[in-house]
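The structure file entry_17.pdb is reproduced below (PDB, C-alpha atoms).
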ATOM      1  CA  ALA A   1     -65.642 -56.522  16.934  1.00  0.00           C
ATOM      2  CA  GLY A   2     -64.811 -59.972  18.248  1.00  0.00           C
ATOM      3  CA  GLY A   3     -64.291 -62.549  15.509  1.00  0.00           C
ATOM      4  CA  VAL A   4     -63.359 -59.953  12.878  1.00  0.00           C
ATOM      5  CA  THR A   5     -59.853 -59.805  11.423  1.00  0.00           C
ATOM      6  CA  LEU A   6     -58.893 -56.735   9.414  1.00  0.00           C
ATOM      7  CA  GLU A   7     -55.633 -56.964   7.469  1.00  0.00           C
ATOM      8  CA  LEU A   8     -54.351 -53.905   5.640  1.00  0.00           C
ATOM      9  CA  GLU A   9     -51.448 -53.917   3.197  1.00  0.00           C
ATOM     10  CA  GLY A  10     -50.348 -50.322   3.052  1.00  0.00           C
ATOM     11  CA  ASP A  11     -50.386 -47.647   5.723  1.00  0.00           C
ATOM     12  CA  ALA A  12     -53.036 -46.144   7.942  1.00  0.00           C
ATOM     13  CA  ASN A  13     -53.694 -42.686   9.337  1.00  0.00           C
ATOM     14  CA  ASP A  14     -54.186 -41.244  12.801  1.00  0.00           C
ATOM     15  CA  TYR A  15     -56.625 -42.967  15.175  1.00  0.00           C
ATOM     16  CA  THR A  16     -56.239 -46.427  13.602  1.00  0.00           C
ATOM     17  CA  GLY A  17     -58.021 -48.852  15.922  1.00  0.00           C
ATOM     18  CA  LYS A  18     -59.765 -46.062  17.869  1.00  0.00           C
ATOM     19  CA  GLY A  19     -62.294 -47.642  20.201  1.00  0.00           C
ATOM     20  CA  MET A  20     -61.351 -51.154  19.064  1.00  0.00           C
ATOM     21  CA  SER A  21     -63.437 -53.609  21.072  1.00  0.00           C
ATOM     22  CA  GLY A  22     -62.289 -57.014  19.850  1.00  0.00           C
ATOM     23  CA  GLY A  23     -61.028 -58.859  16.841  1.00  0.00           C
ATOM     24  CA  THR A  24     -57.596 -58.556  15.255  1.00  0.00           C
ATOM     25  CA  LEU A  25     -56.065 -55.665  13.338  1.00  0.00           C
ATOM     26  CA  VAL A  26     -52.960 -56.186  11.172  1.00  0.00           C
ATOM     27  CA  VAL A  27     -51.191 -53.400   9.253  1.00  0.00           C
ATOM     28  CA  ARG A  28     -48.158 -54.196   7.120  1.00  0.00           C
ATOM     29  CA  PRO A  29     -46.561 -52.748   4.004  1.00  0.00           C
ATOM     30  CA  ALA A  30     -47.186 -54.280   0.613  1.00  0.00           C
ATOM     31  CA  PRO A  31     -44.578 -56.906  -0.337  1.00  0.00           C
ATOM     32  CA  GLU A  32     -43.303 -54.677  -3.156  1.00  0.00           C
ATOM     33  CA  ALA A  33     -42.843 -51.631  -0.883  1.00  0.00           C
ATOM     34  CA  PRO A  34     -39.423 -50.069  -1.615  1.00  0.00           C
ATOM     35  CA  PHE A  35     -38.709 -49.202   2.034  1.00  0.00           C
ATOM     36  CA  ARG A  36     -37.794 -50.975   5.251  1.00  0.00           C
ATOM     37  CA  ALA A  37     -40.928 -51.014   7.404  1.00  0.00           C
ATOM     38  CA  GLU A  38     -39.011 -50.800  10.692  1.00  0.00           C
ATOM     39  CA  GLU A  39     -37.602 -47.417   9.583  1.00  0.00           C
ATOM     40  CA  ASN A  40     -40.888 -45.891   8.396  1.00  0.00           C
ATOM     41  CA  ALA A  41     -44.290 -45.016   9.831  1.00  0.00           C
ATOM     42  CA  ILE A  42     -46.993 -47.528   8.998  1.00  0.00           C
ATOM     43  CA  VAL A  43     -49.672 -45.915  11.208  1.00  0.00           C
ATOM     44  CA  GLY A  44     -50.184 -42.349  12.367  1.00  0.00           C
ATOM     45  CA  ASN A  45     -50.712 -40.710  15.740  1.00  0.00           C
ATOM     46  CA  THR A  46     -53.068 -41.671  18.574  1.00  0.00           C
ATOM     47  CA  VAL A  47     -53.401 -45.276  17.406  1.00  0.00           C
ATOM     48  CA  LEU A  48     -55.623 -47.556  19.557  1.00  0.00           C
ATOM     49  CA  TYR A  49     -57.078 -44.573  21.422  1.00  0.00           C
ATOM     50  CA  GLY A  50     -59.559 -45.854  23.986  1.00  0.00           C
ATOM     51  CA  ALA A  51     -59.371 -49.427  22.702  1.00  0.00           C
ATOM     52  CA  THR A  52     -60.830 -52.052  25.029  1.00  0.00           C
ATOM     53  CA  ALA A  53     -60.186 -55.523  23.572  1.00  0.00           C
ATOM     54  CA  GLY A  54     -58.585 -57.447  20.742  1.00  0.00           C
ATOM     55  CA  LYS A  55     -55.123 -57.717  19.210  1.00  0.00           C
ATOM     56  CA  ALA A  56     -53.211 -55.391  16.896  1.00  0.00           C
ATOM     57  CA  PHE A  57     -49.990 -55.954  14.963  1.00  0.00           C
ATOM     58  CA  PHE A  58     -48.144 -53.160  13.161  1.00  0.00           C
ATOM     59  CA  ARG A  59     -45.130 -53.955  10.988  1.00  0.00           C
ATOM     60  CA  GLY A  60     -43.413 -50.597  11.087  1.00  0.00           C
ATOM     61  CA  LEU A  61     -43.414 -47.494  13.244  1.00  0.00           C
ATOM     62  CA  ALA A  62     -46.307 -45.650  14.844  1.00  0.00           C
ATOM     63  CA  GLY A  63     -46.495 -41.927  15.479  1.00  0.00           C
ATOM     64  CA  GLU A  64     -47.031 -40.211  18.799  1.00  0.00           C
ATOM     65  CA  ARG A  65     -49.456 -41.234  21.556  1.00  0.00           C
ATOM     66  CA  PHE A  66     -49.534 -44.922  20.637  1.00  0.00           C
ATOM     67  CA  ALA A  67     -52.037 -46.891  22.783  1.00  0.00           C
ATOM     68  CA  VAL A  68     -53.180 -43.783  24.640  1.00  0.00           C
ATOM     69  CA  ARG A  69     -55.997 -44.786  27.003  1.00  0.00           C
ATOM     70  CA  ASN A  70     -55.653 -48.417  25.902  1.00  0.00           C
ATOM     71  CA  SER A  71     -57.676 -50.439  28.363  1.00  0.00           C
ATOM     72  CA  GLY A  72     -57.449 -53.949  27.009  1.00  0.00           C
ATOM     73  CA  VAL A  73     -55.868 -54.403  23.583  1.00  0.00           C
ATOM     74  CA  ILE A  74     -52.757 -56.515  23.125  1.00  0.00           C
ATOM     75  CA  ALA A  75     -50.539 -54.746  20.577  1.00  0.00           C
ATOM     76  CA  VAL A  76     -47.150 -55.265  18.936  1.00  0.00           C
ATOM     77  CA  VAL A  77     -45.394 -52.433  17.067  1.00  0.00           C
ATOM     78  CA  GLU A  78     -41.838 -51.905  15.835  1.00  0.00           C
ATOM     79  CA  GLY A  79     -41.259 -48.425  17.278  1.00  0.00           C
ATOM     80  CA  ILE A  80     -43.246 -45.393  18.426  1.00  0.00           C
ATOM     81  CA  GLY A  81     -43.015 -41.646  18.897  1.00  0.00           C
ATOM     82  CA  ASP A  82     -43.463 -39.595  22.067  1.00  0.00           C
ATOM     83  CA  HIS A  83     -46.083 -40.275  24.781  1.00  0.00           C
ATOM     84  CA  GLY A  84     -46.511 -44.023  24.165  1.00  0.00           C
ATOM     85  CA  CYS A  85     -48.939 -45.846  26.488  1.00  0.00           C
ATOM     86  CA  GLU A  86     -50.094 -42.529  27.917  1.00  0.00           C
ATOM     87  CA  TYR A  87     -52.967 -43.008  30.401  1.00  0.00           C
ATOM     88  CA  MET A  88     -53.058 -46.730  29.580  1.00  0.00           C
ATOM     89  CA  THR A  89     -55.267 -48.700  31.990  1.00  0.00           C
ATOM     90  CA  GLY A  90     -55.069 -52.263  30.669  1.00  0.00           C
ATOM     91  CA  GLY A  91     -53.846 -54.620  27.987  1.00  0.00           C
ATOM     92  CA  ARG A  92     -50.326 -55.401  26.825  1.00  0.00           C
ATOM     93  CA  VAL A  93     -48.068 -53.408  24.526  1.00  0.00           C
ATOM     94  CA  VAL A  94     -44.876 -54.799  22.996  1.00  0.00           C
ATOM     95  CA  VAL A  95     -42.519 -52.318  21.335  1.00  0.00           C
ATOM     96  CA  LEU A  96     -39.812 -53.950  19.212  1.00  0.00           C
ATOM     97  CA  GLY A  97     -37.885 -50.742  18.609  1.00  0.00           C
ATOM     98  CA  ALA A  98     -37.194 -47.241  19.828  1.00  0.00           C
ATOM     99  CA  THR A  99     -39.656 -45.072  21.703  1.00  0.00           C
ATOM    100  CA  GLY A 100     -39.912 -41.331  22.024  1.00  0.00           C
ATOM    101  CA  LEU A 101     -40.019 -39.295  25.212  1.00  0.00           C
ATOM    102  CA  ASN A 102     -42.555 -39.443  28.049  1.00  0.00           C
ATOM    103  CA  PHE A 103     -43.439 -43.124  27.681  1.00  0.00           C
ATOM    104  CA  ALA A 104     -46.064 -44.314  30.213  1.00  0.00           C
ATOM    105  CA  ALA A 105     -47.153 -40.866  31.432  1.00  0.00           C
ATOM    106  CA  GLY A 106     -50.257 -41.456  33.518  1.00  0.00           C
ATOM    107  CA  MET A 107     -50.168 -45.219  32.891  1.00  0.00           C
ATOM    108  CA  SER A 108     -52.155 -46.908  35.661  1.00  0.00           C
ATOM    109  CA  GLY A 109     -52.759 -50.416  34.301  1.00  0.00           C
ATOM    110  CA  GLY A 110     -51.626 -52.991  31.815  1.00  0.00           C
ATOM    111  CA  ILE A 111     -48.024 -53.939  31.066  1.00  0.00           C
ATOM    112  CA  ALA A 112     -45.603 -52.784  28.395  1.00  0.00           C
ATOM    113  CA  TYR A 113     -42.524 -54.637  27.188  1.00  0.00           C
ATOM    114  CA  VAL A 114     -40.035 -52.436  25.349  1.00  0.00           C
ATOM    115  CA  LEU A 115     -36.938 -53.655  23.536  1.00  0.00           C
ATOM    116  CA  ASP A 116     -34.313 -51.190  24.712  1.00  0.00           C
ATOM    117  CA  VAL A 117     -32.498 -50.925  21.395  1.00  0.00           C
ATOM    118  CA  ASP A 118     -30.109 -48.134  22.429  1.00  0.00           C
ATOM    119  CA  GLY A 119     -29.861 -48.584  26.199  1.00  0.00           C
ATOM    120  CA  GLY A 120     -31.628 -45.267  26.811  1.00  0.00           C
ATOM    121  CA  PHE A 121     -35.260 -46.275  27.165  1.00  0.00           C
ATOM    122  CA  ARG A 122     -35.401 -45.878  30.945  1.00  0.00           C
ATOM    123  CA  SER A 123     -34.438 -42.197  30.637  1.00  0.00           C
ATOM    124  CA  ARG A 124     -37.290 -41.618  28.135  1.00  0.00           C
ATOM    125  CA  CYS A 125     -39.884 -43.241  30.403  1.00  0.00           C
ATOM    126  CA  ASN A 126     -42.036 -41.158  32.744  1.00  0.00           C
ATOM    127  CA  THR A 127     -41.632 -43.038  36.026  1.00  0.00           C
ATOM    128  CA  GLU A 128     -44.112 -41.033  38.091  1.00  0.00           C
ATOM    129  CA  LEU A 129     -46.620 -43.921  38.116  1.00  0.00           C
ATOM    130  CA  VAL A 130     -44.575 -46.869  36.793  1.00  0.00           C
ATOM    131  CA  GLY A 131     -41.472 -48.872  37.575  1.00  0.00           C
ATOM    132  CA  PHE A 132     -39.365 -51.511  35.881  1.00  0.00           C
ATOM    133  CA  ASP A 133     -39.923 -55.112  36.933  1.00  0.00           C
ATOM    134  CA  GLU A 134     -38.192 -58.365  36.113  1.00  0.00           C
ATOM    135  CA  ILE A 135     -39.810 -60.447  33.394  1.00  0.00           C
ATOM    136  CA  THR A 136     -40.973 -63.724  34.926  1.00  0.00           C
ATOM    137  CA  PRO A 137     -40.601 -67.021  33.046  1.00  0.00           C
ATOM    138  CA  ASP A 138     -44.362 -67.069  32.338  1.00  0.00           C
ATOM    139  CA  GLU A 139     -44.213 -63.506  31.026  1.00  0.00           C
ATOM    140  CA  ALA A 140     -41.223 -64.418  28.844  1.00  0.00           C
ATOM    141  CA  LEU A 141     -43.345 -67.164  27.272  1.00  0.00           C
ATOM    142  CA  GLU A 142     -46.217 -64.724  26.714  1.00  0.00           C
ATOM    143  CA  LEU A 143     -43.840 -62.132  25.230  1.00  0.00           C
ATOM    144  CA  ARG A 144     -42.231 -64.656  22.888  1.00  0.00           C
ATOM    145  CA  GLY A 145     -45.666 -65.876  21.809  1.00  0.00           C
ATOM    146  CA  LEU A 146     -46.763 -62.348  20.936  1.00  0.00           C
ATOM    147  CA  ILE A 147     -43.602 -61.747  18.914  1.00  0.00           C
ATOM    148  CA  GLU A 148     -44.119 -65.072  17.125  1.00  0.00           C
ATOM    149  CA  GLU A 149     -47.698 -64.099  16.295  1.00  0.00           C
ATOM    150  CA  HIS A 150     -46.472 -60.699  15.064  1.00  0.00           C
ATOM    151  CA  HIS A 151     -44.017 -62.480  12.768  1.00  0.00           C
ATOM    152  CA  GLU A 152     -46.665 -64.891  11.483  1.00  0.00           C
ATOM    153  CA  ARG A 153     -49.208 -62.157  10.777  1.00  0.00           C
ATOM    154  CA  THR A 154     -46.874 -59.504   9.341  1.00  0.00           C
ATOM    155  CA  GLY A 155     -43.779 -61.307   8.042  1.00  0.00           C
ATOM    156  CA  SER A 156     -41.665 -58.956  10.163  1.00  0.00           C
ATOM    157  CA  PRO A 157     -37.894 -59.344   9.767  1.00  0.00           C
ATOM    158  CA  VAL A 158     -37.521 -57.449  13.074  1.00  0.00           C
ATOM    159  CA  ALA A 159     -39.504 -60.144  14.877  1.00  0.00           C
ATOM    160  CA  GLU A 160     -37.561 -62.845  13.052  1.00  0.00           C
ATOM    161  CA  ARG A 161     -34.198 -61.400  14.176  1.00  0.00           C
ATOM    162  CA  ILE A 162     -35.399 -61.158  17.782  1.00  0.00           C
ATOM    163  CA  LEU A 163     -36.704 -64.714  17.782  1.00  0.00           C
ATOM    164  CA  ASP A 164     -33.535 -66.070  16.156  1.00  0.00           C
ATOM    165  CA  ALA A 165     -31.462 -64.632  19.017  1.00  0.00           C
ATOM    166  CA  TRP A 166     -34.119 -64.988  21.739  1.00  0.00           C
ATOM    167  CA  ASP A 167     -31.784 -65.864  24.619  1.00  0.00           C
ATOM    168  CA  ASP A 168     -29.725 -62.715  23.994  1.00  0.00           C
ATOM    169  CA  GLN A 169     -32.674 -60.463  23.153  1.00  0.00           C
ATOM    170  CA  LEU A 170     -34.886 -61.302  26.137  1.00  0.00           C
ATOM    171  CA  GLY A 171     -32.496 -59.503  28.492  1.00  0.00           C
ATOM    172  CA  ARG A 172     -32.828 -56.304  26.426  1.00  0.00           C
ATOM    173  CA  PHE A 173     -36.578 -56.045  27.071  1.00  0.00           C
ATOM    174  CA  VAL A 174     -37.738 -53.674  29.791  1.00  0.00           C
ATOM    175  CA  LYS A 175     -40.998 -54.479  31.564  1.00  0.00           C
ATOM    176  CA  VAL A 176     -42.945 -51.337  32.438  1.00  0.00           C
ATOM    177  CA  MET A 177     -45.333 -51.961  35.311  1.00  0.00           C
ATOM    178  CA  PRO A 178     -47.658 -49.399  36.937  1.00  0.00           C
ATOM    179  CA  HIS A 179     -47.212 -49.247  40.722  1.00  0.00           C
ATOM    180  CA  ASP A 180     -50.954 -49.330  41.517  1.00  0.00           C
ATOM    181  CA  TYR A 181     -51.612 -52.177  39.074  1.00  0.00           C
ATOM    182  CA  LYS A 182     -48.805 -54.196  40.624  1.00  0.00           C
ATOM    183  CA  ARG A 183     -50.208 -53.559  44.089  1.00  0.00           C
ATOM    184  CA  ALA A 184     -53.718 -54.591  42.963  1.00  0.00           C
ATOM    185  CA  LEU A 185     -52.388 -57.825  41.429  1.00  0.00           C
ATOM    186  CA  LEU A 186     -50.527 -58.657  44.641  1.00  0.00           C
ATOM    187  CA  GLU A 187     -53.705 -58.115  46.686  1.00  0.00           C
ATOM    188  CA  LEU A 188     -55.601 -60.506  44.434  1.00  0.00           C
TER     189      LEU A 188
END
Just give me the structure as structure tokens.
Amino acid sequence: AGGVTLELEGDANDYTGKGMSGGTLVVRPAPEAPFRAEENAIVGNTVLYGATAGKAFFRGLAGERFAVRNSGVIAVVEGIGDHGCEYMTGGRVVVLGATGLNFAAGMSGGIAYVLDVDGGFRSRCNTELVGFDEITPDEALELRGLIEEHHERTGSPVAERILDAWDDQLGRFVKVMPHDYKRALLEL
């Protein structure tokens, strides 16, 4: 709920943040963890299912169907499996690593920013309902702010590397924008 911050050192299972309606959720490995978070799953499948509000920060990878039916949460994660942002209707998702196949299938709202780490993200994105837009200067500020907050809350070395080379890294981000959402924003 709004005003609540939940911080977990460790990992979390499927459906983490299901129905989240406010507040802040932070999941990061313990400082003594013997693995690199950005190469290992920190949360399971179907994370943030049906979430409506709040912020979530995950230092590590998420499984499949990340942010499915997200309708308002702002989330930062360091990589995801297949079907990311499926049926998303609102919010913002920032992916600081690789994605699986079928990203944005059925996505009708919200915006995703994906760091195209291998140059192949566009081919893994389902473009039936979305396109790729330029990141405006205001959006670049918002994106940087979210990555800074991710770093502050999780201690992420991935976020730190991106921020240290921001001018080079910004051009590697792909903005995923639903066609209908873009049209609705223009009409407003």
Show me the residues around (-53.3, -62.5, 24.1) - criterion: an atom at most 9 Å away, only C-alpha atoms counted - as number ranges by chain.
A: 54-55, 73-75, 91-92, 142, 145-146
Next, write the just-selected residues to a file, as a PDB file, keeping the file's coordinate frame, keeping C-alpha atoms as the atom set.
ATOM      1  CA  GLY A  54     -58.585 -57.447  20.742  1.00  0.00           C
ATOM      2  CA  LYS A  55     -55.123 -57.717  19.210  1.00  0.00           C
ATOM      3  CA  VAL A  73     -55.868 -54.403  23.583  1.00  0.00           C
ATOM      4  CA  ILE A  74     -52.757 -56.515  23.125  1.00  0.00           C
ATOM      5  CA  ALA A  75     -50.539 -54.746  20.577  1.00  0.00           C
ATOM      6  CA  GLY A  91     -53.846 -54.620  27.987  1.00  0.00           C
ATOM      7  CA  ARG A  92     -50.326 -55.401  26.825  1.00  0.00           C
ATOM      8  CA  GLU A 142     -46.217 -64.724  26.714  1.00  0.00           C
ATOM      9  CA  GLY A 145     -45.666 -65.876  21.809  1.00  0.00           C
ATOM     10  CA  LEU A 146     -46.763 -62.348  20.936  1.00  0.00           C
TER      11      LEU A 146
END
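Nearest residue to His151 in chain A, choosing from A:Arg172, A:Glu86, A:Leu163, A:Ser71 and counting only C-alpha atoms: A:Leu163.
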Among the residues A:Val158, A:Val94, A:Ala165, A:Ala30, the one that comes closest to Ile80 in chain A [using all atoms listed in the file]
A:Val94
Tyr87 in chain A surroundings by all atoms listed in the file, 7 Å radius, close-in-sequence under 2 positions cut, as a ChimeraX atom specification
/A:68-69,85,89,105-108
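Distances here use all atoms listed in the file; by that measure, the residue among A:Pro29, A:Gly63, A:Pro178, A:Gly23 closest to Gly44 in chain A is A:Gly63.
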Using CA of Thr154 in chain A and CA of Ala33 in chain A as the two end points, give the distance in Å to one decimal.
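Interatomic distance here is 13.5 Å.
Put simply, CA of Ile135 in chain A is 14.0 Å away from CA of Val93 in chain A.
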Which residues are near Phe57 in chain A? Cut-off 12 Å, only C-alpha atoms, ignore same chain within fewer than 2 positions. Put them as a VMD selection string.
chain A and resid 5 to 8 16 to 17 23 to 29 42 to 43 47 to 48 54 to 55 59 to 62 73 to 79 92 to 96 146 to 156 159
The centre and edge lengths of an axis-aligned box containing all atoms of range 122-137 of chain A present in the file, extended by 3 Å on each side, are to be given in Å to one decimal, as lines of an AutoDock Vina configuration file.
center_x = -40.5
center_y = -54.0
center_z = 33.1
size_x = 18.2
size_y = 32.0
size_z = 16.0
Residue neighbourhood Met177 in chain A, 7 Å, only C-alpha atoms, exclusion window fewer than 6 positions, as a PyMOL selection string:
chain A and resi 111-112+130-133
Residues from last step as file, C-alpha atoms, as a PDB file, in the coordinates of the input:
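Written out: result.pdb:
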ATOM      1  CA  ILE A 111     -48.024 -53.939  31.066  1.00  0.00           C
ATOM      2  CA  ALA A 112     -45.603 -52.784  28.395  1.00  0.00           C
ATOM      3  CA  VAL A 130     -44.575 -46.869  36.793  1.00  0.00           C
ATOM      4  CA  GLY A 131     -41.472 -48.872  37.575  1.00  0.00           C
ATOM      5  CA  PHE A 132     -39.365 -51.511  35.881  1.00  0.00           C
ATOM      6  CA  ASP A 133     -39.923 -55.112  36.933  1.00  0.00           C
TER       7      ASP A 133
END
Would you compute the distance between CA of Arg122 in chain A and CA of Val174 in chain A? Give it in Å to one decimal.
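Spanning CA of Arg122 in chain A to CA of Val174 in chain A is a straight-line distance of 8.2 Å.
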Please return as a PyMOL selection string every residue within 10 Å of (-40.5, -62.0, 31.3), taking into account all atoms listed in the file and the file's own coordinates.
chain A and resi 113+133-144+170-171+173-175
I need the residue set behind the PyMOL selection byres ((chain A and resi 121) around 9) for this file; please write it as a PyMOL selection string.
chain A and resi 98-101+103+114-120+122-125+174
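By chain and then residue number, the residues within 8 Å of Gly19 in chain A are Leu48, Tyr49, Gly50, Ala51 and Thr52 of chain A, counting all atoms listed in the file and disregarding those fewer than 3 positions away in sequence.
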Atom completion result for range 151-171 of chain A (N, CA and C atoms) as a JSON list (two decimals), in the frame of the given file:
[["chain", "number", "residue", "atom", "x", "y", "z"],
["A", 151, "HIS", "N", -44.76, -62.00, 13.93],
["A", 151, "HIS", "CA", -44.02, -62.48, 12.77],
["A", 151, "HIS", "C", -44.93, -63.24, 11.80],
["A", 152, "GLU", "N", -45.76, -64.11, 12.33],
["A", 152, "GLU", "CA", -46.66, -64.89, 11.48],
["A", 152, "GLU", "C", -47.65, -64.00, 10.72],
["A", 153, "ARG", "N", -48.17, -63.00, 11.39],
["A", 153, "ARG", "CA", -49.21, -62.16, 10.78],
["A", 153, "ARG", "C", -48.65, -61.08, 9.85],
["A", 154, "THR", "N", -47.40, -60.63, 10.11],
["A", 154, "THR", "CA", -46.87, -59.50, 9.34],
["A", 154, "THR", "C", -45.66, -59.84, 8.49],
["A", 155, "GLY", "N", -45.02, -60.98, 8.74],
["A", 155, "GLY", "CA", -43.78, -61.31, 8.04],
["A", 155, "GLY", "C", -42.62, -60.43, 8.47],
["A", 156, "SER", "N", -42.65, -59.92, 9.67],
["A", 156, "SER", "CA", -41.66, -58.96, 10.16],
["A", 156, "SER", "C", -40.25, -59.53, 10.28],
["A", 157, "PRO", "N", -39.28, -58.93, 9.57],
["A", 157, "PRO", "CA", -37.89, -59.34, 9.77],
["A", 157, "PRO", "C", -37.35, -58.92, 11.14],
["A", 158, "VAL", "N", -37.91, -57.87, 11.72],
["A", 158, "VAL", "CA", -37.52, -57.45, 13.07],
["A", 158, "VAL", "C", -37.86, -58.56, 14.06],
["A", 159, "ALA", "N", -39.09, -59.05, 13.99],
["A", 159, "ALA", "CA", -39.50, -60.14, 14.88],
["A", 159, "ALA", "C", -38.66, -61.38, 14.63],
["A", 160, "GLU", "N", -38.37, -61.67, 13.38],
["A", 160, "GLU", "CA", -37.56, -62.84, 13.05],
["A", 160, "GLU", "C", -36.17, -62.76, 13.67],
["A", 161, "ARG", "N", -35.53, -61.58, 13.58],
["A", 161, "ARG", "CA", -34.20, -61.40, 14.18],
["A", 161, "ARG", "C", -34.24, -61.56, 15.69],
["A", 162, "ILE", "N", -35.27, -61.04, 16.33],
["A", 162, "ILE", "CA", -35.40, -61.16, 17.78],
["A", 162, "ILE", "C", -35.58, -62.63, 18.17],
["A", 163, "LEU", "N", -36.44, -63.31, 17.47],
["A", 163, "LEU", "CA", -36.70, -64.71, 17.78],
["A", 163, "LEU", "C", -35.49, -65.59, 17.52],
["A", 164, "ASP", "N", -34.74, -65.29, 16.47],
["A", 164, "ASP", "CA", -33.53, -66.07, 16.16],
["A", 164, "ASP", "C", -32.46, -65.96, 17.23],
["A", 165, "ALA", "N", -32.46, -64.85, 17.96],
["A", 165, "ALA", "CA", -31.46, -64.63, 19.02],
["A", 165, "ALA", "C", -32.17, -64.43, 20.36],
["A", 166, "TRP", "N", -33.24, -65.20, 20.59],
["A", 166, "TRP", "CA", -34.12, -64.99, 21.74],
["A", 166, "TRP", "C", -33.37, -64.93, 23.07],
["A", 167, "ASP", "N", -32.46, -65.84, 23.32],
["A", 167, "ASP", "CA", -31.78, -65.86, 24.62],
["A", 167, "ASP", "C", -31.01, -64.58, 24.88],
["A", 168, "ASP", "N", -30.44, -63.99, 23.85],
["A", 168, "ASP", "CA", -29.72, -62.72, 23.99],
["A", 168, "ASP", "C", -30.69, -61.53, 24.05],
["A", 169, "GLN", "N", -31.75, -61.60, 23.27],
["A", 169, "GLN", "CA", -32.67, -60.46, 23.15],
["A", 169, "GLN", "C", -33.59, -60.31, 24.37],
["A", 170, "LEU", "N", -33.97, -61.39, 25.00],
["A", 170, "LEU", "CA", -34.89, -61.30, 26.14],
["A", 170, "LEU", "C", -34.37, -60.35, 27.20],
["A", 171, "GLY", "N", -33.08, -60.38, 27.48],
["A", 171, "GLY", "CA", -32.50, -59.50, 28.49],
["A", 171, "GLY", "C", -32.50, -58.03, 28.13]]
